[in-house]
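Please read the structure below before turning to the comments.
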Amino acid sequence: MDRPMNQQHYDIIIAGAGAAGLTLLYYLLKSRLHSQISVLLIDQSLQPDPSKTWCFWDHSSFDIPEIIYHSWNHLTVSALGESYSEDLLMNKYHCIRSIDYSGMILQEARKSESVTLLKAEIRGFASAGSGATVETSEGTFSAGMIFQSALKPSDFSTSKVDVSLLQHFVGWEIECREDLFDPNKAILMDFDIEQLNGVTFMYLLPFSERSALIEHTLFSAEILDQEQYEEAIRDYLSKRFHLTPGSYFIRRKEFGAIPMEDRVYSSFYCPNVMNLGIVGGLAKPTTGYTFKRIHNRCKSIVRHLEEGKMPEEKRESQYRFRVYDMMLLSILKNETKNSIQIFHDLFEKNSFDRILDFLDEKTTIPQELSIFSSLPYLPFFRSIYRMKHRIFTGA
Ligand SMILES: Cc1cc2nc3c(=O)[nH]c(=O)nc-3n(C[C@H](O)[C@H](O)[C@H](O)COP(=O)(O)OP(=O)(O)OC[C@H]3O[C@@H](n4cnc5c(N)ncnc54)[C@H](O)[C@@H]3O)c2cc1C
């Protein structure tokens, strides 16, 4: 139950109850700390969030399999008029609905004696002695440690950034009158559509023979008008599936704009206030996938707290993966046609499992060299030239 505020100091404050804040809370509630610590969870809304679906892939290592809404083991990528499809042997591609995830964790939080929920606007953070404070519309609260996923890092506007794109999309969850989809097969990326505003593709996740989430997605700097995404979805459903607007209804819409940047996000907002989630720089710059990185980071934080240690200041990716991301970001920004050629060759010449492991930063250097040798090299040389001041300084 949400409780009246009778306490101003907590062991831990979690500011922001989206994917990151709730995942941290989930692992705290599962840890042996849960009965020993007091936690304050703050957000402007503490209702289950219906606005997102989170997808990720794994080798069956996800800790909450019961919350997965749907999984696929067959993916297709289309580019330059050709389609590549494969059964995944190692990975599975999963989808979680934010309403299920946030509903489950908020319910557990309300049952816990250790957790207090506060609906409030978060206004700022400050360090204070060996802890920190958060200022909210409902007052100021202190804790030994604050984890925040609500406000951009305090040095955001001054941090170095050469490429700043967005992965932006509108998705429709549709229900058709007739069987049309294979619920085992997802379209990861279909680039065979108009490329008018930067690298653009369709993404289609069938949940049943008659229902699917379809997203019109771009990697570019500028958000479009809502109607431009929606017109593209209508057009795709008509050309690819012969669906007229009267032959399906839209159950739900979603919009996202995830940063794709070479910016280094600070781990701490100020001493004792750690940044988490998107504002903690956990979005993979070249794909926008964030959800699994949030899980890995939150697990590691709770492990540290269980051992009585402070969570570490940490960059999400090793140096070589940051370099790969910088190169691809630069190509995505400057060379739309070559970007699509790269995606084409990547999926034509490598197994999907290997590519997914590469995007998860789990491959070895020889495996990465093999992947790069399958791609056109000139765009990468040009990107190294453009990004040399970042790549060779380790920034
Ligand atoms: C529509 C959409 C789909 C996505 N799909 C995927 C996907 O398939 N796979 C993937 O890996 N990633 C995906 N992402 C990226 C990423 O996983 C999500 O953005 C994820 O929700 C990030 O978690 P977060 O906690 O950082 O931010 P959020 O989940 O946005 O949580 C931030 C929380 O802070 C609260 N808040 C913000 N400001 C204030 C304030 N001033 N006061 C009080 N509360 C505040 C918000 O209410 C919110 O609850 C998607 C993103 C979007 C937008």
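Just remember, in the structure tokens the first chain shown is A, the second B, etc., residues are 1-based per chain, and ligands are 1-based in the order shown.
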- Task: Could you pull out the residues in range 188-381 of chain A that DSSP calls strand (DSSP E or B) from the backbone, as a ChimeraX atom specification?
- Result: /A:188-190,199-206,211-220,248-261,268-270,273-275
- Task: Could you tell me, counting only C-alpha atoms and all ligand atoms, which protein and nucleic acid residues lie no more than 7 Å from ligand 1, written as an NGL selection string?
- Result: :A and (15-21 or 42-45 or 51-56 or 120-123 or 149-151 or 254-258 or 276-279 or 283 or 288-292)
Residues near range 268-270 of chain A, cut-off 8 Å, only C-alpha atoms, skip fewer than 2 positions along chain, as a PDB file with all heavy atoms, in the first residue's frame:
ATOM      1  N   PHE A 125      18.667  16.892  -7.303  1.00  0.00           N
ATOM      2  CA  PHE A 125      19.420  16.080  -6.340  1.00  0.00           C
ATOM      3  C   PHE A 125      20.600  16.889  -5.823  1.00  0.00           C
ATOM      4  O   PHE A 125      21.127  17.757  -6.527  1.00  0.00           O
ATOM      5  CB  PHE A 125      19.966  14.815  -7.015  1.00  0.00           C
ATOM      6  CG  PHE A 125      18.907  13.986  -7.657  1.00  0.00           C
ATOM      7  CD1 PHE A 125      18.644  14.094  -9.021  1.00  0.00           C
ATOM      8  CD2 PHE A 125      18.147  13.101  -6.906  1.00  0.00           C
ATOM      9  CE1 PHE A 125      17.652  13.337  -9.624  1.00  0.00           C
ATOM     10  CE2 PHE A 125      17.150  12.330  -7.505  1.00  0.00           C
ATOM     11  CZ  PHE A 125      16.904  12.450  -8.865  1.00  0.00           C
ATOM     12  N   ALA A 126      21.040  16.564  -4.604  1.00  0.00           N
ATOM     13  CA  ALA A 126      22.258  17.183  -4.080  1.00  0.00           C
ATOM     14  C   ALA A 126      22.933  16.166  -3.178  1.00  0.00           C
ATOM     15  O   ALA A 126      22.266  15.319  -2.569  1.00  0.00           O
ATOM     16  CB  ALA A 126      21.912  18.438  -3.280  1.00  0.00           C
ATOM     17  N   SER A 127      24.260  16.233  -3.110  1.00  0.00           N
ATOM     18  CA  SER A 127      24.928  15.343  -2.159  1.00  0.00           C
ATOM     19  C   SER A 127      24.897  16.025  -0.793  1.00  0.00           C
ATOM     20  O   SER A 127      24.860  17.254  -0.698  1.00  0.00           O
ATOM     21  CB  SER A 127      26.356  15.043  -2.605  1.00  0.00           C
ATOM     22  OG  SER A 127      27.078  16.226  -2.634  1.00  0.00           O
ATOM     23  N   PRO A 153      21.748  13.652 -16.782  1.00  0.00           N
ATOM     24  CA  PRO A 153      22.910  13.896 -15.925  1.00  0.00           C
ATOM     25  C   PRO A 153      23.201  15.389 -15.821  1.00  0.00           C
ATOM     26  O   PRO A 153      22.922  16.150 -16.763  1.00  0.00           O
ATOM     27  CB  PRO A 153      24.057  13.187 -16.659  1.00  0.00           C
ATOM     28  CG  PRO A 153      23.417  12.252 -17.608  1.00  0.00           C
ATOM     29  CD  PRO A 153      22.046  12.754 -17.897  1.00  0.00           C
ATOM     30  N   SER A 154      23.750  15.805 -14.675  1.00  0.00           N
ATOM     31  CA  SER A 154      23.937  17.241 -14.425  1.00  0.00           C
ATOM     32  C   SER A 154      24.898  17.876 -15.432  1.00  0.00           C
ATOM     33  O   SER A 154      24.811  19.063 -15.722  1.00  0.00           O
ATOM     34  CB  SER A 154      24.437  17.451 -12.998  1.00  0.00           C
ATOM     35  OG  SER A 154      25.459  16.534 -12.718  1.00  0.00           O
ATOM     36  N   ASP A 155      25.832  17.070 -16.018  1.00  0.00           N
ATOM     37  CA  ASP A 155      26.791  17.640 -16.974  1.00  0.00           C
ATOM     38  C   ASP A 155      26.364  17.371 -18.427  1.00  0.00           C
ATOM     39  O   ASP A 155      27.169  17.454 -19.347  1.00  0.00           O
ATOM     40  CB  ASP A 155      28.189  17.060 -16.726  1.00  0.00           C
ATOM     41  CG  ASP A 155      28.216  15.542 -16.909  1.00  0.00           C
ATOM     42  OD1 ASP A 155      27.128  14.943 -17.078  1.00  0.00           O
ATOM     43  OD2 ASP A 155      29.305  14.945 -16.894  1.00  0.00           O
ATOM     44  N   SER A 266      27.741  10.314 -17.639  1.00  0.00           N
ATOM     45  CA  SER A 266      28.349  10.184 -16.303  1.00  0.00           C
ATOM     46  C   SER A 266      27.588   9.150 -15.490  1.00  0.00           C
ATOM     47  O   SER A 266      26.358   9.095 -15.556  1.00  0.00           O
ATOM     48  CB  SER A 266      28.253  11.491 -15.510  1.00  0.00           C
ATOM     49  OG  SER A 266      28.556  12.562 -16.312  1.00  0.00           O
ATOM     50  N   ASN A 272      27.021  10.182  -4.467  1.00  0.00           N
ATOM     51  CA  ASN A 272      25.950   9.378  -3.859  1.00  0.00           C
ATOM     52  C   ASN A 272      24.616   9.388  -4.612  1.00  0.00           C
ATOM     53  O   ASN A 272      23.601   8.914  -4.089  1.00  0.00           O
ATOM     54  CB  ASN A 272      25.711   9.773  -2.387  1.00  0.00           C
ATOM     55  CG  ASN A 272      26.985   9.671  -1.593  1.00  0.00           C
ATOM     56  OD1 ASN A 272      27.746   8.717  -1.737  1.00  0.00           O
ATOM     57  ND2 ASN A 272      27.271  10.680  -0.765  1.00  0.00           N
ATOM     58  N   VAL A 273      24.617   9.936  -5.833  1.00  0.00           N
ATOM     59  CA  VAL A 273      23.416   9.855  -6.687  1.00  0.00           C
ATOM     60  C   VAL A 273      23.837   9.237  -8.014  1.00  0.00           C
ATOM     61  O   VAL A 273      24.526   9.860  -8.824  1.00  0.00           O
ATOM     62  CB  VAL A 273      22.772  11.237  -6.941  1.00  0.00           C
ATOM     63  CG1 VAL A 273      21.517  11.073  -7.814  1.00  0.00           C
ATOM     64  CG2 VAL A 273      22.419  11.929  -5.631  1.00  0.00           C
ATOM     65  N   MET A 274      23.452   7.981  -8.200  1.00  0.00           N
ATOM     66  CA  MET A 274      23.871   7.273  -9.405  1.00  0.00           C
ATOM     67  C   MET A 274      22.807   7.388 -10.501  1.00  0.00           C
ATOM     68  O   MET A 274      21.618   7.257 -10.230  1.00  0.00           O
ATOM     69  CB  MET A 274      24.100   5.807  -9.052  1.00  0.00           C
ATOM     70  CG  MET A 274      24.696   5.019 -10.182  1.00  0.00           C
ATOM     71  SD  MET A 274      25.236   3.404  -9.640  1.00  0.00           S
ATOM     72  CE  MET A 274      26.843   3.325 -10.390  1.00  0.00           C
ATOM     73  N   ASN A 275      23.260   7.644 -11.740  1.00  0.00           N
ATOM     74  CA  ASN A 275      22.346   7.683 -12.889  1.00  0.00           C
ATOM     75  C   ASN A 275      22.117   6.262 -13.394  1.00  0.00           C
ATOM     76  O   ASN A 275      23.058   5.480 -13.502  1.00  0.00           O
ATOM     77  CB  ASN A 275      22.951   8.507 -14.025  1.00  0.00           C
ATOM     78  CG  ASN A 275      23.236   9.936 -13.612  1.00  0.00           C
ATOM     79  OD1 ASN A 275      22.448  10.545 -12.898  1.00  0.00           O
ATOM     80  ND2 ASN A 275      24.366  10.477 -14.058  1.00  0.00           N
ATOM     81  N   GLU A 313      31.598   3.234 -10.486  1.00  0.00           N
ATOM     82  CA  GLU A 313      31.511   4.095 -11.667  1.00  0.00           C
ATOM     83  C   GLU A 313      31.924   3.205 -12.837  1.00  0.00           C
ATOM     84  O   GLU A 313      32.979   2.578 -12.801  1.00  0.00           O
ATOM     85  CB  GLU A 313      32.507   5.238 -11.497  1.00  0.00           C
ATOM     86  CG  GLU A 313      32.690   6.057 -12.723  1.00  0.00           C
ATOM     87  CD  GLU A 313      32.665   7.542 -12.413  1.00  0.00           C
ATOM     88  OE1 GLU A 313      33.005   7.913 -11.280  1.00  0.00           O
ATOM     89  OE2 GLU A 313      32.305   8.302 -13.325  1.00  0.00           O
TER      90      GLU A 313
END
- By how many Å are CA of Phe343 in chain A and CA of Asp262 in chain A apart?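 Value for the CA of Phe343 in chain A-CA of Asp262 in chain A distance: 19.9 Å.
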- Which residue gives the smallest distance to Phe249 in chain A among A:Ile174, A:Ile384, A:Leu359, A:Ile68, with only C-alpha atoms counted?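 Looking at the shortest contact to Phe249 in chain A, the residue is A:Ile174.
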- Query: Could you pull the residues within 12 Å of Phe358 in chain A, counting only C-alpha atoms, minus those fewer than 5 positions along the same chain, as a list of chain:residue names?
  - Reply: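 Neighbouring residues, sequence-local ones excluded: A:Trp57, A:Lys284, A:Thr286, A:Thr287, A:Arg320, A:Phe321, A:Tyr324, A:Asp325, A:Leu346, A:Asn350, A:Ser351, A:Phe352, A:Asp353, A:Thr363, A:Thr364, A:Ile365, A:Pro366, A:Gln367, A:Glu368, A:Leu369, A:Ser370, A:Ile371, A:Phe372.
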- Message: Among range 89-131 of chain A, which ones does DSSP assign to helix (DSSP H, G or I) (computed from the backbone)? Answer as a PyMOL selection string.
- Response: chain A and resi 98-111
- Polymer residues at most 7 Å from Ile214 in chain A, only C-alpha atoms, same-chain spacing of 6 or more positions, as a count of residues only: 6
- Skip Phe201 in chain A itself and residues of its chain fewer than 2 positions away, then list as a PyMOL selection string all residues within 9 Å of it, counting only C-alpha atoms. chain A and resi 189-195+199+203+215-219
